[in-house]
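Shown next: my_file-v8.tsv, given as TSV, C-alpha atoms.
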```
chain	number	residue	atom	x	y	z
A	1	MET	CA	12.94	-24.48	-0.19
A	2	GLU	CA	14.53	-21.98	2.22
A	3	LYS	CA	17.86	-22.28	0.40
A	4	ILE	CA	16.21	-21.58	-2.97
A	5	ILE	CA	14.46	-18.50	-1.60
A	6	GLU	CA	17.68	-17.32	0.01
A	7	TYR	CA	19.60	-17.88	-3.26
A	8	PHE	CA	17.24	-15.70	-5.35
A	9	SER	CA	16.78	-13.09	-2.63
A	10	LYS	CA	20.49	-12.30	-2.83
A	11	ARG	CA	20.57	-12.18	-6.64
A	12	HIS	CA	18.03	-9.48	-7.58
A	13	LEU	CA	19.29	-9.02	-11.14
A	14	LEU	CA	18.91	-12.71	-11.98
A	15	THR	CA	15.43	-12.78	-10.43
A	16	ASN	CA	14.33	-9.76	-12.49
A	17	PHE	CA	15.67	-11.33	-15.70
A	18	ILE	CA	13.70	-14.53	-15.03
A	19	LEU	CA	10.52	-12.55	-14.31
A	20	ILE	CA	10.87	-10.51	-17.51
A	21	GLY	CA	11.54	-13.70	-19.49
A	22	VAL	CA	8.40	-15.36	-18.12
A	23	LEU	CA	6.29	-12.27	-18.97
A	24	LEU	CA	7.68	-12.02	-22.51
A	25	GLY	CA	7.17	-15.75	-23.04
A	26	GLY	CA	3.54	-15.42	-21.92
A	27	VAL	CA	2.89	-12.53	-24.33
A	28	VAL	CA	4.45	-14.39	-27.26
A	29	SER	CA	2.54	-17.59	-26.43
A	30	TRP	CA	-0.73	-15.64	-26.24
A	31	GLN	CA	-0.21	-14.29	-29.75
A	32	TYR	CA	0.33	-17.76	-31.26
A	33	THR	CA	-2.21	-19.72	-29.22
A	34	GLN	CA	-5.44	-20.54	-31.09
A	35	LYS	CA	-8.42	-18.98	-29.36
A	36	GLU	CA	-12.20	-18.99	-29.89
A	37	GLU	CA	-14.84	-17.32	-27.77
A	38	LEU	CA	-17.43	-20.07	-28.31
A	39	PRO	CA	-15.60	-23.16	-29.60
A	40	ASP	CA	-17.70	-25.62	-31.60
A	41	PHE	CA	-17.89	-28.81	-29.58
A	42	THR	CA	-20.64	-31.27	-28.84
A	43	PHE	CA	-21.74	-32.15	-25.34
A	44	ASP	CA	-22.41	-35.82	-24.73
A	45	ARG	CA	-26.12	-35.11	-24.23
A	46	VAL	CA	-29.23	-35.40	-26.38
A	47	ARG	CA	-32.61	-33.96	-25.37
A	48	ILE	CA	-35.87	-35.43	-26.67
A	49	ALA	CA	-39.02	-33.36	-26.18
A	50	THR	CA	-42.51	-34.57	-27.09
A	51	HIS	CA	-45.80	-32.67	-26.89
A	52	TYR	CA	-48.92	-34.74	-26.12
A	53	PRO	CA	-51.83	-32.24	-26.15
A	54	GLY	CA	-54.48	-32.68	-23.47
A	55	ALA	CA	-52.76	-35.56	-21.68
A	56	THR	CA	-52.15	-35.79	-17.95
A	57	ALA	CA	-48.66	-36.34	-16.54
A	58	GLU	CA	-49.49	-40.01	-15.86
A	59	ASP	CA	-50.64	-40.57	-19.45
A	60	VAL	CA	-47.55	-38.82	-20.81
A	61	GLU	CA	-45.36	-41.08	-18.67
A	62	TYR	CA	-47.16	-44.27	-19.76
A	63	PHE	CA	-47.76	-43.60	-23.46
A	64	VAL	CA	-44.73	-41.46	-24.39
A	65	THR	CA	-41.86	-41.40	-21.91
A	66	GLU	CA	-41.68	-45.10	-21.06
A	67	PRO	CA	-41.82	-46.38	-24.69
A	68	ILE	CA	-39.05	-43.98	-25.75
A	69	GLU	CA	-36.92	-44.85	-22.71
A	70	GLU	CA	-37.33	-48.56	-23.43
A	71	ILE	CA	-36.06	-48.21	-27.00
A	72	LEU	CA	-33.16	-45.98	-25.90
A	73	ARG	CA	-31.89	-48.52	-23.36
A	74	GLY	CA	-31.08	-50.95	-26.16
A	75	ILE	CA	-28.73	-48.54	-27.97
A	76	ASP	CA	-25.00	-49.07	-27.51
A	77	GLY	CA	-23.20	-45.98	-26.27
A	78	VAL	CA	-26.00	-44.68	-24.01
A	79	TYR	CA	-24.66	-44.09	-20.50
A	80	ARG	CA	-27.66	-42.73	-18.60
A	81	ILE	CA	-31.27	-41.68	-19.27
A	82	THR	CA	-33.20	-39.16	-17.20
A	83	SER	CA	-36.76	-38.05	-17.89
A	84	ASN	CA	-39.44	-35.67	-16.74
A	85	SER	CA	-43.14	-36.13	-17.54
A	86	SER	CA	-45.54	-33.26	-16.96
A	87	VAL	CA	-48.93	-32.22	-18.30
A	88	ALA	CA	-48.83	-32.59	-22.11
A	89	THR	CA	-45.01	-32.65	-22.19
A	90	SER	CA	-42.32	-35.34	-22.07
A	91	ALA	CA	-38.64	-34.39	-21.73
A	92	ILE	CA	-35.93	-37.05	-21.90
A	93	THR	CA	-32.18	-36.39	-21.56
A	94	VAL	CA	-29.77	-39.01	-22.90
A	95	GLU	CA	-26.15	-38.96	-21.73
A	96	LEU	CA	-23.65	-40.76	-23.92
A	97	GLU	CA	-20.54	-42.61	-22.85
A	98	HIS	CA	-17.35	-40.53	-22.90
A	99	GLY	CA	-14.78	-41.21	-25.58
A	100	LEU	CA	-17.14	-42.64	-28.18
A	101	LYS	CA	-15.38	-43.02	-31.52
A	102	ASP	CA	-18.53	-43.23	-33.64
A	103	ILE	CA	-20.63	-40.60	-31.88
A	104	ASP	CA	-22.35	-39.57	-35.14
A	105	GLU	CA	-23.41	-43.18	-35.65
A	106	VAL	CA	-24.94	-43.32	-32.15
A	107	LEU	CA	-26.75	-40.01	-32.67
A	108	THR	CA	-28.19	-41.23	-35.96
A	109	GLU	CA	-29.39	-44.44	-34.33
A	110	ILE	CA	-31.04	-42.48	-31.50
A	111	HIS	CA	-32.80	-40.24	-34.03
A	112	ASN	CA	-34.07	-43.16	-36.13
A	113	GLU	CA	-35.17	-45.29	-33.16
A	114	VAL	CA	-37.09	-42.44	-31.50
A	115	LEU	CA	-38.96	-41.60	-34.70
A	116	ASP	CA	-39.91	-45.28	-35.09
A	117	VAL	CA	-41.58	-45.46	-31.65
A	118	GLU	CA	-45.34	-45.95	-31.95
A	119	LEU	CA	-46.90	-42.97	-30.17
A	120	PRO	CA	-50.59	-42.04	-29.68
A	121	ALA	CA	-52.38	-40.68	-32.74
A	122	GLU	CA	-53.07	-37.41	-30.89
A	123	ILE	CA	-49.36	-36.54	-31.10
A	124	ILE	CA	-49.24	-34.73	-34.42
A	125	ASN	CA	-45.63	-33.51	-34.42
A	126	ASP	CA	-42.62	-35.83	-34.22
A	127	PRO	CA	-40.49	-35.68	-31.06
A	128	ASN	CA	-38.00	-32.82	-31.08
A	129	ILE	CA	-34.47	-34.27	-30.89
A	130	ARG	CA	-31.78	-31.75	-29.99
A	131	ILE	CA	-28.02	-32.22	-29.72
A	132	PHE	CA	-26.36	-29.58	-27.56
A	133	LYS	CA	-23.75	-27.57	-29.45
A	134	THR	CA	-22.30	-24.23	-28.42
A	135	SER	CA	-22.31	-23.13	-32.06
A	136	LYS	CA	-26.11	-23.21	-31.96
A	137	LYS	CA	-26.52	-21.08	-28.85
A	138	ALA	CA	-28.45	-17.86	-29.24
A	139	ILE	CA	-26.30	-14.97	-30.39
A	140	ILE	CA	-29.01	-12.32	-30.21
A	141	ASP	CA	-32.58	-12.17	-28.93
A	142	ILE	CA	-35.04	-10.02	-30.89
A	143	ALA	CA	-38.40	-9.02	-29.42
A	144	LEU	CA	-41.25	-7.50	-31.45
A	145	ILE	CA	-43.72	-5.37	-29.47
A	146	TYR	CA	-47.11	-4.20	-30.67
A	147	THR	CA	-47.64	-0.77	-29.10
A	148	GLY	CA	-51.07	-0.11	-30.58
A	149	THR	CA	-52.95	-1.86	-27.77
A	150	HIS	CA	-52.45	-2.85	-24.15
A	151	LEU	CA	-53.53	-6.49	-24.60
A	152	LEU	CA	-53.19	-8.51	-27.78
A	153	ASP	CA	-56.30	-10.07	-29.25
A	154	ILE	CA	-56.21	-12.77	-31.92
A	155	LYS	CA	-56.14	-10.35	-34.88
A	156	THR	CA	-53.37	-8.15	-33.52
A	157	ARG	CA	-51.31	-11.20	-32.51
A	158	GLN	CA	-51.67	-12.67	-35.99
A	159	LYS	CA	-50.57	-9.35	-37.46
A	160	LEU	CA	-47.56	-9.21	-35.14
A	161	GLN	CA	-46.65	-12.81	-35.95
A	162	GLN	CA	-46.79	-12.03	-39.67
A	163	TYR	CA	-44.16	-9.32	-39.17
A	164	ALA	CA	-42.08	-11.79	-37.16
A	165	LEU	CA	-42.27	-14.42	-39.91
A	166	THR	CA	-41.16	-11.85	-42.49
A	167	LEU	CA	-38.21	-10.91	-40.29
A	168	GLU	CA	-37.38	-14.60	-39.80
A	169	ASP	CA	-37.24	-15.18	-43.57
A	170	LYS	CA	-34.87	-12.24	-44.01
A	171	LEU	CA	-32.60	-13.45	-41.21
A	172	LEU	CA	-32.45	-17.01	-42.59
A	173	ASN	CA	-31.38	-15.62	-45.97
A	174	GLN	CA	-28.20	-14.32	-44.33
A	175	PRO	CA	-25.32	-16.79	-44.81
A	176	GLU	CA	-24.07	-16.16	-41.26
A	177	VAL	CA	-27.36	-17.24	-39.65
A	178	ASN	CA	-27.70	-20.97	-38.92
A	179	SER	CA	-31.21	-21.11	-37.48
A	180	VAL	CA	-33.93	-19.02	-35.83
A	181	ASN	CA	-36.02	-20.21	-32.88
A	182	ARG	CA	-39.41	-18.66	-32.14
A	183	ARG	CA	-41.06	-18.24	-28.76
A	184	GLY	CA	-44.38	-16.80	-27.65
A	185	TYR	CA	-46.23	-17.71	-30.84
A	186	LEU	CA	-49.95	-18.34	-30.88
A	187	GLN	CA	-50.54	-21.82	-32.24
A	188	GLU	CA	-53.51	-21.96	-34.59
A	189	GLU	CA	-56.15	-24.39	-33.37
A	190	ILE	CA	-59.88	-25.01	-33.56
A	191	THR	CA	-61.84	-25.79	-30.40
A	192	ILE	CA	-64.86	-28.05	-30.91
A	193	LYS	CA	-67.62	-27.85	-28.30
A	194	VAL	CA	-70.19	-30.65	-28.31
A	195	ASP	CA	-73.73	-30.06	-27.06
A	196	PRO	CA	-74.42	-32.75	-24.37
A	197	LYS	CA	-78.20	-32.45	-24.86
A	198	LYS	CA	-77.94	-33.29	-28.56
A	199	LEU	CA	-75.72	-36.25	-27.77
A	200	VAL	CA	-78.45	-37.61	-25.51
A	201	ASP	CA	-81.23	-36.86	-28.04
A	202	TYR	CA	-79.40	-38.65	-30.84
A	203	LYS	CA	-78.12	-41.40	-28.51
A	204	LEU	CA	-74.64	-40.68	-29.77
A	205	PRO	CA	-71.49	-41.22	-27.63
A	206	LEU	CA	-68.80	-38.56	-27.56
A	207	SER	CA	-66.25	-41.10	-28.81
A	208	ALA	CA	-68.22	-41.43	-32.06
A	209	VAL	CA	-67.89	-37.69	-32.69
A	210	MET	CA	-64.16	-37.82	-31.98
A	211	LYS	CA	-63.71	-40.85	-34.25
A	212	GLU	CA	-65.60	-39.26	-37.12
A	213	ILE	CA	-63.54	-36.07	-36.92
A	214	SER	CA	-60.31	-38.07	-36.77
A	215	ASN	CA	-61.28	-40.28	-39.74
A	216	ASN	CA	-62.14	-37.28	-41.91
A	217	HIS	CA	-59.05	-35.24	-41.00
A	218	ILE	CA	-56.52	-36.85	-43.36
A	219	ARG	CA	-53.35	-35.73	-45.08
A	220	LYS	CA	-50.85	-38.43	-46.05
A	221	PRO	CA	-49.10	-39.74	-49.18
A	222	ALA	CA	-50.84	-42.52	-51.08
A	223	GLY	CA	-48.19	-43.57	-53.59
A	224	SER	CA	-47.94	-42.59	-57.25
A	225	ILE	CA	-49.76	-43.20	-60.53
A	226	GLU	CA	-48.01	-45.57	-62.93
A	227	THR	CA	-47.51	-43.19	-65.84
A	228	GLN	CA	-44.43	-41.77	-67.53
A	229	GLU	CA	-44.21	-38.81	-65.16
A	230	GLU	CA	-45.32	-40.86	-62.11
A	231	PRO	CA	-47.19	-38.06	-60.34
A	232	LYS	CA	-47.47	-38.40	-56.57
A	233	VAL	CA	-50.88	-38.94	-54.98
A	234	THR	CA	-51.80	-37.43	-51.61
A	235	LEU	CA	-54.94	-38.07	-49.58
A	236	LEU	CA	-56.02	-34.59	-48.56
A	237	SER	CA	-59.14	-34.05	-46.46
A	238	GLU	CA	-58.16	-31.63	-43.72
A	239	LEU	CA	-60.79	-30.18	-41.39
A	240	ASP	CA	-58.87	-26.94	-40.95
A	241	THR	CA	-61.76	-24.45	-41.09
A	242	VAL	CA	-64.98	-23.95	-39.17
A	243	GLU	CA	-66.99	-24.24	-42.41
A	244	LYS	CA	-65.60	-27.72	-43.14
A	245	LEU	CA	-66.40	-28.89	-39.62
A	246	ASN	CA	-69.97	-27.58	-39.91
A	247	ARG	CA	-70.45	-29.64	-43.08
A	248	LEU	CA	-69.19	-32.84	-41.46
A	249	ILE	CA	-71.88	-35.51	-41.02
A	250	VAL	CA	-71.34	-37.46	-37.83
A	251	GLN	CA	-74.27	-39.87	-38.10
A	252	GLY	CA	-77.08	-40.39	-40.55
A	253	GLY	CA	-80.51	-41.96	-39.98
A	254	PHE	CA	-82.74	-44.24	-42.07
A	255	GLU	CA	-85.12	-41.33	-42.67
A	256	GLY	CA	-82.42	-39.09	-44.05
A	257	GLY	CA	-81.86	-37.11	-40.88
A	258	VAL	CA	-78.30	-36.32	-39.97
A	259	PHE	CA	-76.44	-35.12	-36.92
A	260	ALA	CA	-73.69	-32.69	-37.94
```
Represent the structure from my file as structure tokens, please.
Amino acid sequence: MEKIIEYFSKRHLLTNFILIGVLLGGVVSWQYTQKEELPDFTFDRVRIATHYPGATAEDVEYFVTEPIEEILRGIDGVYRITSNSSVATSAITVELEHGLKDIDEVLTEIHNEVLDVELPAEIINDPNIRIFKTSKKAIIDIALIYTGTHLLDIKTRQKLQQYALTLEDKLLNQPEVNSVNRRGYLQEEITIKVDPKKLVDYKLPLSAVMKEISNNHIRKPAGSIETQEEPKVTLLSELDTVEKLNRLIVQGGFEGGVFA
């Protein structure tokens, strides 16, 4: 090493030529090297999120997380499964084996198997299955602020959300936009409060009220009619307004009295 250093230290012209050649080679290579700020590649991870409204962390673990984990363990190509169960939420991360040739096949199997898991009836929405891709990272965050009031009530929030939905539709119409994710939205829901005194007077358990509401809140396909056009038939009986809930009969008596 000392001889090499001594050799170049005595030949300054040669050393300068080599330095200039390295610099020029780096500039030329930079011009012809393919570059991308956010290259499109897929991490070997899949995240499965499930919302179980009103459930404790223990119930989420028993009824949601464990059944999904059990079905995932039987899929070839799964390297490791980690999960987190909290109040009303289950989050499962699936790591795939490196170097999988048929990764799309494994992802499709994970998607189909998770959707086939029998979950509690209270879980309305299917589990959210997300594959991590840099091409789907947020490019820009847009915040809408309602300046007309200090605190948002239900009406002003609904008005603000209507503006946001209009903006979302316009953004999705742009060919460059892949998807839009929303945060901070007020989910529409109806809270039902049962009078304990009336339950006692009518000798009616709370489970009967819950069962009657569940049985009358229906929306699902029911096949088709055998005609030339074969129109589709849908069972539609949604209790989505306060007026419909007020008209619901929970229990009737022999004398015509009802508890609604």
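Between atom CA of Ala57 of chain A and atom CA of Val117 of chain A lies a distance of 19.0 Å.
In this comparison, which uses all atoms listed in the file, the residue of A:Asp76, A:Leu245, A:Asp169, A:Val250 approaching Glu105 of chain A most closely is A:Asp76.
Pairwise distance (atom CA of Asp240 of chain A, atom CA of Thr191 of chain A) equals 11.0 Å.
The two atoms in question, atom CA of Val46 of chain A and atom CA of Ile129 of chain A, are spaced 7.0 Å apart.
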Item to check | Distance query Glu61 of chain A at most 6 Å, all atoms listed in the file, self and fewer than 4 positions along chain excluded, as a list of chain:residue names | outcome: A:Thr65, A:Glu66, A:Ser85
